[in-house]
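What follows is the content of coords-v6.txt (compact mmCIF, C-alpha atoms and all ligand atoms).
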```txt
# COMPACT_ATOMS: atom_id res chain seq x y z
CA MET I 26 -2.83 -0.97 -20.34
CA ILE I 27 -4.73 -4.24 -20.11
CA CYS I 28 -2.61 -7.35 -20.04
CA CYS I 29 -3.22 -10.67 -21.82
CA LYS I 30 -4.66 -12.52 -18.84
CA THR I 31 -7.33 -9.86 -18.38
CA SER I 32 -8.34 -10.27 -21.98
CA ALA I 33 -8.79 -13.96 -21.30
CA LEU I 34 -10.85 -13.08 -18.24
CA GLN I 35 -12.98 -10.69 -20.25
CA LYS I 36 -13.58 -13.36 -22.88
CA GLY I 37 -14.50 -15.83 -20.16
CA GLU I 38 -11.56 -18.13 -20.99
CA ASN I 39 -9.50 -20.04 -18.49
CA VAL I 40 -11.14 -18.36 -15.54
CA SER I 41 -11.30 -21.41 -13.31
CA LYS I 42 -7.78 -20.97 -11.87
CA SER I 43 -7.89 -17.17 -11.61
CA LEU I 44 -8.95 -14.98 -8.74
CA LEU I 45 -11.82 -12.79 -9.82
CA SER I 46 -12.00 -10.40 -6.88
CA VAL I 47 -10.09 -9.20 -3.81
CA GLN I 48 -12.85 -10.67 -1.64
CA GLU I 49 -12.26 -14.10 -3.16
CA ALA I 50 -8.50 -13.74 -2.66
CA ARG I 51 -9.05 -12.85 1.00
CA ILE I 52 -11.10 -16.00 1.58
CA ARG I 53 -8.50 -18.20 -0.11
CA ALA I 54 -5.62 -16.52 1.73
CA LYS I 55 -7.38 -17.13 5.02
CA LYS I 56 -7.47 -20.84 4.31
CA ARG I 57 -3.95 -21.13 2.92
CA ILE I 58 -1.77 -19.22 5.37
CA PRO I 59 -1.44 -19.63 9.14
CA GLN I 60 -4.00 -17.67 11.13
CA MET I 61 -1.25 -15.67 12.82
CA MET I 62 0.07 -14.45 9.45
CA PHE I 63 -3.40 -13.83 8.04
CA ASP I 64 -4.37 -11.81 11.11
CA PHE I 65 -1.16 -9.76 10.89
CA VAL I 66 -2.22 -8.65 7.38
CA ASP I 67 -5.99 -8.54 7.84
CA GLY I 68 -6.08 -7.13 11.36
CA ALA I 69 -6.30 -3.52 12.47
CA SER I 70 -6.34 -1.56 15.72
CA GLY I 71 -9.03 -1.18 18.38
CA ASP I 72 -12.32 -2.80 17.38
CA GLU I 73 -11.08 -2.78 13.75
CA SER I 74 -14.10 -0.79 12.56
CA LEU I 75 -12.12 1.82 10.57
CA CYS I 76 -10.61 -0.78 8.27
CA GLY I 77 -14.08 -1.81 7.01
CA LEU I 78 -15.38 1.76 7.04
CA ASN I 79 -12.60 2.83 4.64
CA SER I 80 -13.98 0.44 2.00
CA ARG I 81 -17.62 1.13 2.77
CA ALA I 82 -17.10 4.88 2.40
CA LEU I 83 -15.64 4.19 -1.06
CA ASP I 84 -18.59 1.92 -1.89
CA GLU I 85 -21.01 4.71 -1.04
CA ILE I 86 -19.59 7.16 -3.57
CA ARG I 87 -21.67 7.26 -6.76
CA LEU I 88 -20.20 8.01 -10.19
CA MET I 89 -22.21 9.54 -13.03
CA PRO I 90 -22.39 7.38 -16.17
CA ARG I 91 -21.92 9.21 -19.49
CA VAL I 92 -23.14 8.05 -22.86
CA LEU I 93 -22.28 8.37 -26.55
CA VAL I 94 -18.60 9.00 -25.93
CA ASP I 95 -16.08 6.97 -27.95
CA VAL I 96 -14.33 4.95 -25.25
CA ALA I 97 -13.30 1.96 -27.37
CA GLU I 98 -9.58 2.54 -26.70
CA ARG I 99 -8.74 3.30 -23.08
CA ASN I 100 -5.45 4.01 -21.39
CA LEU I 101 -4.69 3.63 -17.69
CA SER I 102 -1.25 5.19 -17.81
CA CYS I 103 -0.55 8.42 -15.95
CA ARG I 104 2.21 10.53 -14.43
CA ILE I 105 3.07 10.98 -10.77
CA LEU I 106 6.06 12.79 -9.28
CA GLY I 107 7.64 13.13 -12.70
CA GLN I 108 7.40 9.39 -13.43
CA GLU I 109 5.36 7.74 -16.17
CA THR I 110 3.36 4.81 -14.82
CA GLY I 111 1.38 2.13 -16.62
CA LEU I 112 -1.39 2.19 -14.02
CA PRO I 113 -3.04 4.84 -11.81
CA PHE I 114 -2.18 2.74 -8.76
CA GLY I 115 0.83 1.09 -7.15
CA ILE I 116 1.47 -0.99 -4.05
CA ALA I 117 1.65 0.63 -0.59
CA PRO I 118 4.61 0.02 1.73
CA MET I 119 4.10 -3.12 3.80
CA GLY I 120 6.58 -4.62 6.23
CA MET I 121 7.42 -8.31 6.43
CA CYS I 122 5.41 -9.33 3.35
CA SER I 123 7.21 -12.67 3.13
CA LEU I 124 5.33 -13.77 6.24
CA SER I 125 2.37 -14.13 3.88
CA TRP I 126 4.34 -16.09 1.33
CA PRO I 127 8.08 -16.55 0.79
CA GLY I 128 9.43 -14.19 -1.86
CA ALA I 129 6.42 -11.83 -1.67
CA ASP I 130 8.51 -8.63 -2.00
CA ARG I 131 10.21 -9.97 -5.09
CA TYR I 132 6.89 -10.98 -6.72
CA MET I 133 5.65 -7.44 -6.17
CA ALA I 134 8.88 -5.99 -7.57
CA ARG I 135 8.60 -8.06 -10.74
CA GLU I 136 5.01 -6.94 -11.23
CA ALA I 137 6.07 -3.33 -10.70
CA ALA I 138 8.66 -3.73 -13.47
CA ALA I 139 6.28 -5.48 -15.87
CA ARG I 140 3.36 -3.09 -15.39
CA ARG I 141 5.41 0.04 -14.67
CA PHE I 142 3.90 1.06 -11.34
CA PRO I 143 5.68 2.26 -8.18
CA LEU I 144 6.19 -0.35 -5.48
CA CYS I 145 6.63 1.33 -2.09
CA VAL I 146 9.37 -0.51 -0.21
CA SER I 147 8.92 -0.58 3.56
CA THR I 148 11.74 0.13 6.03
CA ALA I 149 10.81 -3.34 7.34
CA SER I 150 10.69 -5.03 3.91
CA SER I 151 11.64 -8.69 3.85
CA ALA I 152 14.07 -8.27 0.93
CA THR I 153 16.73 -5.57 0.92
CA LEU I 154 15.85 -2.21 -0.59
CA GLU I 155 18.70 -2.76 -3.09
CA GLN I 156 17.35 -6.14 -4.20
CA ILE I 157 13.83 -4.79 -4.63
CA ILE I 158 14.71 -1.78 -6.78
CA GLU I 159 16.83 -4.04 -8.97
CA ASP I 160 13.96 -6.54 -9.43
CA ALA I 161 11.54 -3.66 -9.98
CA GLU I 162 13.84 -2.20 -12.67
CA GLY I 163 13.68 1.17 -10.95
CA HIS I 164 9.92 1.20 -10.30
CA ALA I 165 10.29 1.47 -6.53
CA TRP I 166 9.94 4.20 -3.91
CA PHE I 167 11.53 3.84 -0.49
CA GLN I 168 9.48 4.30 2.70
CA LEU I 169 11.26 5.50 5.81
CA TYR I 170 10.18 5.49 9.44
CA ALA I 171 11.66 8.07 11.77
CA ASP I 172 13.37 5.25 13.66
CA GLN I 173 14.80 5.51 17.14
CA SER I 174 18.36 5.22 15.82
CA GLY I 175 19.54 8.29 13.90
CA ASP I 176 22.53 6.38 12.49
CA PHE I 177 20.24 3.77 11.03
CA VAL I 178 18.06 6.44 9.40
CA ASP I 179 21.14 8.16 7.94
CA GLU I 180 22.34 4.84 6.59
CA LEU I 181 18.96 4.03 5.00
CA ILE I 182 18.79 7.44 3.31
CA GLU I 183 22.26 6.87 1.89
CA ARG I 184 21.45 3.32 0.77
CA ALA I 185 18.27 4.53 -0.93
CA LYS I 186 20.19 7.27 -2.76
CA VAL I 187 23.03 5.01 -3.86
CA SER I 188 20.72 2.28 -5.11
CA GLY I 189 18.80 4.69 -7.32
CA TYR I 190 15.59 5.55 -5.45
CA GLU I 191 14.18 8.86 -6.66
CA VAL I 192 11.22 9.02 -4.27
CA LEU I 193 11.38 8.83 -0.48
CA ILE I 194 8.21 8.41 1.58
CA LEU I 195 8.29 9.42 5.24
CA THR I 196 5.58 7.62 7.21
CA VAL I 197 4.42 9.79 10.09
CA ASP I 198 1.32 8.06 11.45
CA VAL I 199 3.07 5.54 13.68
CA PRO I 200 4.49 7.75 16.46
CA ILE I 201 3.54 5.08 18.97
CA PRO I 202 2.35 1.53 18.50
CA SER I 203 -1.38 0.88 18.39
CA VAL I 204 -3.15 -1.99 20.13
CA ARG I 205 -3.88 -4.79 17.67
CA THR I 206 -5.96 -7.34 19.49
CA ARG I 207 -5.61 -10.19 17.01
CA ASP I 208 -1.82 -10.06 17.16
CA LEU I 209 -1.96 -10.06 20.95
CA ARG I 210 -4.34 -13.02 20.98
CA ASN I 211 -2.16 -14.98 18.53
CA GLY I 212 1.01 -14.25 20.49
CA PHE I 213 2.41 -12.69 17.30
CA THR I 214 5.83 -11.28 18.08
CA PHE I 215 8.92 -10.57 16.09
CA PRO I 216 11.24 -12.48 16.20
CA MET I 217 8.65 -15.22 16.45
CA GLN I 218 8.17 -17.09 19.67
CA TRP I 219 7.35 -20.75 19.40
CA GLY I 220 4.67 -22.35 21.54
CA PRO I 221 1.94 -24.98 21.10
CA ARG I 222 -0.39 -22.42 19.49
CA GLN I 223 2.12 -21.42 16.82
CA ILE I 224 3.18 -25.03 16.13
CA TRP I 225 -0.47 -26.07 15.68
CA ASP I 226 -1.11 -23.07 13.42
CA PHE I 227 1.82 -23.98 11.14
CA ALA I 228 1.06 -27.72 11.17
CA THR I 229 -2.49 -27.07 10.01
CA HIS I 230 -1.27 -24.91 7.10
CA PRO I 231 1.23 -27.29 5.48
CA LEU I 232 1.49 -25.51 2.11
CA TRP I 233 2.70 -22.31 3.76
CA SER I 234 4.94 -24.17 6.22
CA LEU I 235 6.63 -26.31 3.54
CA ALA I 236 7.13 -23.33 1.22
CA THR I 237 8.59 -21.28 4.07
CA VAL I 238 10.94 -24.05 5.20
CA ALA I 239 12.05 -24.79 1.60
CA ASN I 240 12.71 -21.10 0.99
CA SER I 241 14.61 -20.75 4.24
CA PHE I 242 17.36 -23.07 2.92
CA ALA I 243 18.09 -20.60 0.14
CA ALA I 244 17.16 -17.27 1.73
CA GLY I 245 16.79 -17.87 5.47
CA MET I 246 13.61 -17.38 7.50
CA PRO I 247 11.57 -14.22 6.82
CA ARG I 248 13.46 -11.27 8.30
CA PRO I 249 13.41 -7.47 7.99
CA MET I 250 16.37 -7.41 5.61
CA ASN I 251 17.19 -3.69 5.74
CA TYR I 252 17.85 -4.16 9.46
CA VAL I 253 19.69 -7.45 9.01
CA THR I 254 22.06 -5.82 6.50
CA SER I 255 22.58 -2.60 8.49
CA SER I 256 26.16 -1.95 9.48
CA PHE I 257 24.91 -0.55 12.81
CA GLY I 258 23.33 -3.81 13.88
CA THR I 259 20.03 -2.00 14.52
CA LYS I 260 17.38 -4.46 15.59
CA PHE I 261 13.83 -4.35 14.28
CA VAL I 262 11.55 -3.77 17.26
CA ARG I 263 8.00 -4.15 16.01
CA ASN I 264 6.44 -2.06 18.74
CA ALA I 265 9.17 0.56 18.91
CA SER I 266 8.05 4.09 19.79
CA ARG I 267 8.91 6.82 17.29
CA GLY I 268 7.17 9.34 19.51
CA ARG I 269 10.08 11.78 19.61
CA ALA I 270 10.03 12.54 15.89
CA ASN I 271 8.63 16.03 15.28
CA TRP I 272 8.52 18.70 12.58
CA SER I 273 12.29 19.19 12.79
CA PHE I 274 12.73 15.64 11.55
CA LEU I 275 10.79 16.52 8.41
CA GLU I 276 12.82 19.72 8.06
CA MET I 277 16.06 17.74 8.34
CA LEU I 278 14.86 15.18 5.82
CA ARG I 279 13.75 17.85 3.33
CA ASP I 280 17.24 19.36 3.51
CA ARG I 281 18.99 16.04 3.11
CA TRP I 282 16.86 14.29 0.49
CA LEU I 283 17.25 15.99 -2.86
CA GLY I 284 14.83 13.68 -4.67
CA LYS I 285 11.05 13.71 -4.39
CA LEU I 286 9.76 13.62 -0.82
CA VAL I 287 6.31 12.27 0.10
CA VAL I 288 4.80 12.40 3.60
CA LYS I 289 2.53 9.41 4.33
CA GLY I 290 -0.18 9.01 6.94
CA VAL I 291 -1.57 12.54 6.76
CA GLN I 292 -5.23 13.05 7.65
CA CYS I 293 -5.59 16.52 9.14
CA PRO I 294 -5.88 19.47 6.69
CA GLN I 295 -3.75 21.71 8.96
CA ASP I 296 -0.94 19.12 8.96
CA ALA I 297 -1.25 18.86 5.17
CA LEU I 298 -0.86 22.62 4.83
CA GLN I 299 2.26 22.64 6.99
CA ILE I 300 3.76 19.71 5.07
CA LYS I 301 3.09 21.52 1.81
CA ALA I 302 4.69 24.69 3.19
CA MET I 303 7.77 22.69 4.24
CA GLY I 304 8.40 21.66 0.66
CA ALA I 305 7.13 18.08 0.39
CA ASP I 306 6.47 17.04 -3.20
CA ALA I 307 3.34 15.04 -2.41
CA ILE I 308 1.05 14.24 0.48
CA TYR I 309 0.06 10.61 0.97
CA VAL I 310 -3.37 10.56 2.60
CA SER I 311 -3.68 7.38 4.64
CA ASN I 312 -4.90 6.10 8.00
CA HIS I 313 -2.56 3.10 7.74
CA GLY I 314 -5.49 0.91 6.70
CA GLY I 315 -7.12 1.45 10.11
CA ARG I 316 -4.09 -0.02 11.85
CA GLN I 317 -3.30 3.09 13.92
CA LEU I 318 -6.05 5.42 15.25
CA ASN I 319 -9.25 3.41 14.88
CA ALA I 320 -11.27 6.54 15.69
CA ALA I 321 -9.83 8.48 12.73
CA PRO I 322 -11.94 9.59 9.75
CA THR I 323 -12.17 7.29 6.73
CA THR I 324 -9.40 8.03 4.24
CA ILE I 325 -11.79 9.22 1.55
CA GLU I 326 -13.17 11.84 3.99
CA SER I 327 -9.63 12.96 4.78
CA LEU I 328 -8.78 13.05 1.08
CA VAL I 329 -11.66 15.41 0.26
CA ALA I 330 -10.83 17.67 3.24
CA ILE I 331 -7.13 17.78 2.37
CA ARG I 332 -7.77 18.43 -1.32
CA LYS I 333 -9.89 21.42 -0.30
CA ALA I 334 -7.16 22.69 2.02
CA VAL I 335 -4.12 22.33 -0.27
CA GLY I 336 -5.77 23.36 -3.55
CA SER I 337 -5.82 21.60 -6.86
CA THR I 338 -2.14 21.39 -7.78
CA MET I 339 -0.51 19.61 -4.82
CA PRO I 340 -0.08 15.90 -5.71
CA LEU I 341 -2.11 13.66 -3.40
CA ILE I 342 -1.59 9.92 -3.08
CA PHE I 343 -4.35 7.85 -1.50
CA ASP I 344 -4.71 4.48 0.20
CA GLY I 345 -7.07 2.78 2.60
CA GLY I 346 -9.78 0.28 1.76
CA ILE I 347 -9.17 -0.03 -1.99
CA ARG I 348 -10.53 -3.43 -3.00
CA SER I 349 -11.47 -2.88 -6.64
CA GLY I 350 -10.79 -0.86 -9.76
CA GLU I 351 -14.00 1.03 -9.06
CA HIS I 352 -12.47 2.18 -5.76
CA VAL I 353 -9.37 3.42 -7.60
CA ILE I 354 -11.46 5.52 -10.00
CA LYS I 355 -13.54 6.89 -7.12
CA ALA I 356 -10.38 7.97 -5.30
CA LEU I 357 -9.16 9.79 -8.42
CA ALA I 358 -12.54 11.49 -8.85
CA SER I 359 -12.42 12.57 -5.19
CA GLY I 360 -9.14 14.42 -5.54
CA ALA I 361 -6.34 11.83 -5.54
CA ASN I 362 -3.65 11.89 -8.24
CA PHE I 363 -2.63 8.31 -7.56
CA ALA I 364 -3.80 5.36 -5.45
CA MET I 365 -2.04 2.52 -3.63
CA LEU I 366 -3.18 -1.03 -2.86
CA GLY I 367 -2.43 -2.41 0.56
CA ARG I 368 -4.11 -5.59 1.77
CA GLY I 369 -5.69 -6.14 -1.66
CA ALA I 370 -2.26 -7.08 -3.03
CA MET I 371 -1.36 -9.14 0.04
CA TYR I 372 -4.55 -11.22 -0.14
CA GLY I 373 -3.63 -12.10 -3.73
CA ILE I 374 -0.18 -13.30 -2.64
CA GLY I 375 -1.58 -15.17 0.36
CA ALA I 376 -4.16 -16.87 -1.87
CA ALA I 377 -1.89 -18.04 -4.68
CA GLY I 378 1.61 -16.51 -4.50
CA ALA I 379 2.91 -14.78 -7.64
CA SER I 380 -0.05 -15.81 -9.80
CA GLY I 381 -2.52 -14.62 -7.13
CA LEU I 382 -0.87 -11.19 -7.11
CA SER I 383 -0.92 -11.09 -10.89
CA ASP I 384 -4.62 -12.03 -10.94
CA ILE I 385 -5.50 -9.27 -8.49
CA LEU I 386 -3.58 -6.67 -10.47
CA ASP I 387 -5.35 -7.85 -13.64
CA VAL I 388 -8.77 -7.71 -12.01
CA ILE I 389 -8.26 -4.23 -10.56
CA SER I 390 -6.77 -2.88 -13.81
CA SER I 391 -9.52 -4.39 -15.90
CA GLU I 392 -12.24 -3.03 -13.66
CA ALA I 393 -10.66 0.44 -13.48
CA SER I 394 -10.53 0.52 -17.27
CA SER I 395 -14.15 -0.54 -17.56
CA VAL I 396 -15.42 1.95 -14.95
CA MET I 397 -13.42 4.71 -16.64
CA GLY I 398 -15.08 3.91 -19.96
CA LEU I 399 -18.54 3.85 -18.41
CA ILE I 400 -18.07 7.36 -17.03
CA GLY I 401 -17.01 8.53 -20.46
CA HIS I 402 -13.21 8.69 -20.39
CA LYS I 403 -10.41 7.22 -22.43
CA SER I 404 -7.66 8.28 -20.04
CA VAL I 405 -7.34 8.43 -16.25
CA THR I 406 -5.93 11.93 -16.60
CA GLU I 407 -9.44 13.11 -17.58
CA ILE I 408 -11.07 11.93 -14.34
CA SER I 409 -12.21 14.70 -11.99
CA ALA I 410 -14.88 15.69 -9.46
CA ALA I 411 -17.21 16.19 -12.43
CA ASN I 412 -17.51 12.39 -12.56
CA LEU I 413 -19.06 12.21 -9.11
CA ALA I 414 -22.83 11.96 -8.90
CA ALA I 415 -24.58 15.02 -7.44
CA THR I 416 -24.05 14.87 -3.66
CA HIS I 417 -20.39 13.97 -3.74
CA HIS I 418 -19.68 16.34 -6.60
CA ASN I 419 -21.23 19.29 -4.78
CA ASN I 420 -19.21 18.59 -1.69
CA LEU I 421 -15.86 18.36 -3.46
CA SER I 422 -16.28 21.03 -6.12
CA LYS I 423 -17.51 23.62 -3.61
CA GLY I 424 -14.38 23.07 -1.58
CA LEU I 425 -12.14 23.31 -4.63
CA ASP I 426 -13.75 26.56 -5.73
CA ASP I 427 -13.07 27.95 -2.24
CA ALA I 428 -9.44 26.74 -2.23
C1 LIG I 501 0.71 -6.11 6.66
C2 LIG I 501 0.85 -4.62 6.57
C3 LIG I 501 2.07 -4.03 6.82
C4 LIG I 501 2.21 -2.65 6.71
N1 LIG I 501 3.44 -2.09 6.89
C5 LIG I 501 3.61 -0.76 6.65
C6 LIG I 501 4.92 -0.19 6.67
O1 LIG I 501 5.91 -0.87 6.93
N2 LIG I 501 5.02 1.13 6.41
C7 LIG I 501 3.94 1.93 6.12
O2 LIG I 501 4.09 3.13 5.87
N3 LIG I 501 2.70 1.40 6.08
C8 LIG I 501 2.51 0.08 6.31
N4 LIG I 501 1.26 -0.46 6.21
C9 LIG I 501 0.11 0.39 5.82
C10 LIG I 501 -0.03 0.39 4.28
O3 LIG I 501 1.04 1.07 3.68
C11 LIG I 501 -1.33 1.06 3.82
O4 LIG I 501 -1.38 2.36 4.35
C12 LIG I 501 -2.60 0.30 4.20
O5 LIG I 501 -2.39 -1.09 4.08
C13 LIG I 501 -3.74 0.73 3.27
O6 LIG I 501 -4.97 0.17 3.68
P1 LIG I 501 -5.59 -1.16 2.99
O7 LIG I 501 -4.69 -2.28 3.36
O8 LIG I 501 -6.92 -1.28 3.60
O9 LIG I 501 -5.64 -0.94 1.50
C14 LIG I 501 1.09 -1.84 6.36
C15 LIG I 501 -0.14 -2.45 6.12
C16 LIG I 501 -0.27 -3.81 6.22
C17 LIG I 501 -1.61 -4.45 5.91
```

As C-alpha cells:
Amino acid sequence: MICCKTSALQKGENVSKSLLSVQEARIRAKKRIPQMMFDFVDGASGDESLCGLNSRALDEIRLMPRVLVDVAERNLSCRILGQETGLPFGIAPMGMCSLSWPGADRYMAREAAARRFPLCVSTASSATLEQIIEDAEGHAWFQLYADQSGDFVDELIERAKVSGYEVLILTVDVPIPSVRTRDLRNGFTFPMQWGPRQIWDFATHPLWSLATVANSFAAGMPRPMNYVTSSFGTKFVRNASRGRANWSFLEMLRDRWLGKLVVKGVQCPQDALQIKAMGADAIYVSNHGGRQLNAAPTTIESLVAIRKAVGSTMPLIFDGGIRSGEHVIKALASGANFAMLGRGAMYGIGAAGASGLSDILDVISSEASSVMGLIGHKSVTEISAANLAATHHNNLSKGLDDA
C-alpha cells in the first residue's frame, strides 16, 4: 500500500514541506521541542552506544538484488497474530508521547486506523487505552508492565479486555531502572519539577510551549492517563523497580489473558525458548532501543540468534534502530515476521506534529516497497534469508537448518 503523498514524493511534487528521512525529522525535532523532551526520546542508557549500534548493525546487512522479475505491482500488506495489516511494521509502545507534541498518541492512533497497522499502546501512554483503541479503530495492542501494584495490573488487563484489545504485550526488559545521563543532567522528572533550567528550555522553544499550554486548556497537561484514570489511584513512578516480577508472573498472565500474548524485550535465546514453551504467541525481540542494558547485543544479532533457537514458525517481532524502509526489509530477511518503529515515529511528530508522522510513515513505506522490488519481490510475505547477501545469508540459513 503506497499512499497518495508518497506518490507525490516519488514524482518530485510538493516535496518542500515534507520530511524526506528520519534523520531530517530528528534534526527538525531537536530544534522544535525543548531539549529536555528531545533528550527523553533521543537518549539512552550508559554511554548510549547501543542505540547507534542497533542502526549501524542494520546498515551493515547487505541484500542481494534480483533482476528480470516483474515487480511493477507491489504489496506491503501482511498478517501477524491473526490480523491483516497494511504494512509490515507498526509503532512500538512509548510512554508519555505527548511530551513531544500534544495529542501525539491520538495522531499515531489515527495513522494506525488509516494505514491498518498495530499501534502498541504503552502502560504509560498519554491518552487512555480506551481512547486510543477507539481512535485506532481497533488497530491497537496494549503493552503492560509488571507494575508494583497487582491491583493496578489486574485493572489494566480488565480494561484492555473490555475495550476490545486482542493482543497484550508484556514488557520484561525493565526490571530495574537504567541510568540515563541526559535525563539526569536535564533534571527530567515526572511529575515535572520547575526550575530556571526548565523555564529557559520552554521559553526558548515557544512553538512547543504554546501548543502545550493551549492543549492543556482542553485536555490538561501531559499525564500518564491510564494511571490518572485508575480507580486504585496508582501513581506513575518513572523509576519504579519491577524487579520482583519473575516467571510466575508470565505464567499468571498466560492463564488470565485469553487473547494473543507477546513478550517484549527478549534478547537471550534460552529466555526465548522458555517463553515459547510457556505458551506466548509471539516473541518481541528488543533491547528497548538501547535504553536499558547498554552492554547488550544489537537487536539484529539477538534476532538472528533467537530465530535459530525457536525455529522458523514462532512469530518474531523486532524493534531497535529502524530508521528506514530498508531497515524494515532487512529485519524481515533476518528472521522477523513484523517490525516496529520507535524513535523514528517520535522524531516525525516532534518535527511537524501529525503531518511529520504522516511524512515519516510515507517515507518508510515507500522505501520498503522500493527495496522489496529491487530484491525481486511483489509481497513482503516472500522475503526470507535468501534475500541476504552471502555472509549474512550463510549465518542465518545455517542456523535455521540446524533448528
Ligand atoms: C520515548 C520512549 C518511550 C518508551 N516507552 C516504552 C514503554 O512505555 N514501554 C515499552 O515497552 N517500551 C518503551 N520504549 C521502547 C520502545 O518500545 C522500543 O523498544 C524502542 O524505542 C525501539 O528502538 P528505536 O527507538 O531505536 O527504534 C520507549 C522508547 C522511547 C524512545

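Distances from I:Trp225, I:Phe363, I:Phe215, I:Tyr170 to ligand LIG 501 (chain I) were compared using only C-alpha atoms and all ligand atoms, and the smallest one belongs to I:Tyr170.
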
Go ahead and compute the interatomic distance for atom CA of Lys403 of chain I and atom P1 of ligand LIG 501 (chain I), in Å to one decimal. 27.2 Å

List all protein, DNA and RNA residues that have an atom no more than 9 Å from any atom of ligand LIG 501 (chain I), counting only C-alpha atoms and all ligand atoms, and report them as a PyMOL selection string. chain I and resi 62-69+76-77+79-80+116-122+124-125+145-150+168-170+194-199+289-290+310-316+343-348+365-371

May I have the residues within 6 Å of segment 234-251 of chain I as number ranges by chain, using all atoms listed in the file and disregarding those fewer than 4 positions away in the same chain? I: 123, 127, 149-153, 227

Record the distance separating atom CA of Ile325 of chain I and atom CA of Val291 of chain I, expressed in Å with one decimal. 11.9 Å

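One finds atom CA of Pro200 of chain I at 16.8 Å from atom CA of Ala297 of chain I.
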
Selection: 10 Å around Gln295 of chain I, all atoms listed in the file, excl. self and same-chain fewer than 5 positions, as a PyMOL selection string: chain I and resi 300-301+330-331+334-335

Nearest to Met133 of chain I, restricted to all atoms listed in the file and choosing among I:Ile342, I:Ala161, I:Leu112, I:Leu413, comes out as I:Ala161

Go through segment 202-292 of chain I residue by residue and, counting all atoms listed in the file, keep those with an atom at most 8 Å from segment 174-181 of chain I; for each kept residue give the shortest atom pair and its distance in Å to one decimal, ordered by chain and increasing number, as a Markdown table.
```
| residue | atom | partner | partner_atom | distance |
| --- | --- | --- | --- | --- |
| I:Asn251 | CA | I:Leu181 | CA | 8.0 |
| I:Ser255 | CA | I:Phe177 | CA | 7.2 |
| I:Phe257 | CA | I:Phe177 | CA | 6.6 |
| I:Thr259 | CA | I:Phe177 | CA | 6.7 |
```

For the residues in the current selection, export C-alpha atoms as a CSV table (one decimal), in the coordinates of the input.
```
chain,number,residue,atom,x,y,z
I,251,ASN,CA,17.2,-3.7,5.7
I,255,SER,CA,22.6,-2.6,8.5
I,257,PHE,CA,24.9,-0.6,12.8
I,259,THR,CA,20.0,-2.0,14.5
```

Do a neighbour search on Ile105 of chain I at 9 Å with all atoms listed in the file, toss out local chain neighbours closer than 4 positions, and write the hits as a ChimeraX atom specification. /I:109-110,113,340,362-363

Residue with smallest distance to Arg99 of chain I - pool I:Glu73, I:Ser404, I:Ala414, I:Phe261, counting only C-alpha atoms: I:Ser404

Env of Arg91 of chain I: 7 Å cut, atoms = all atoms listed in the file, seq-sep filter 6 positions within chain, self excluded. Answer as a VMD selection string. chain I and resid 399 to 401

Can you find the residues with an atom no farther than 7 Å from (-18.5, 5.1, -9.4), counting all atoms listed in the file, and report them as a ChimeraX atom specification? /I:86-89,351,355

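Nearest residue to Ser273 of chain I, choosing from I:Leu101, I:Ala171, I:Leu144, I:Ala50 and counting only C-alpha atoms: I:Ala171.
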
Using all atoms listed in the file, determine which residues lie at most 9 Å from Gly360 of chain I, disregarding the query and same-chain residues fewer than 2 positions distant; provide the list as a PyMOL selection string. chain I and resi 328-329+331-333+337+341+355-358+362+409-410+421
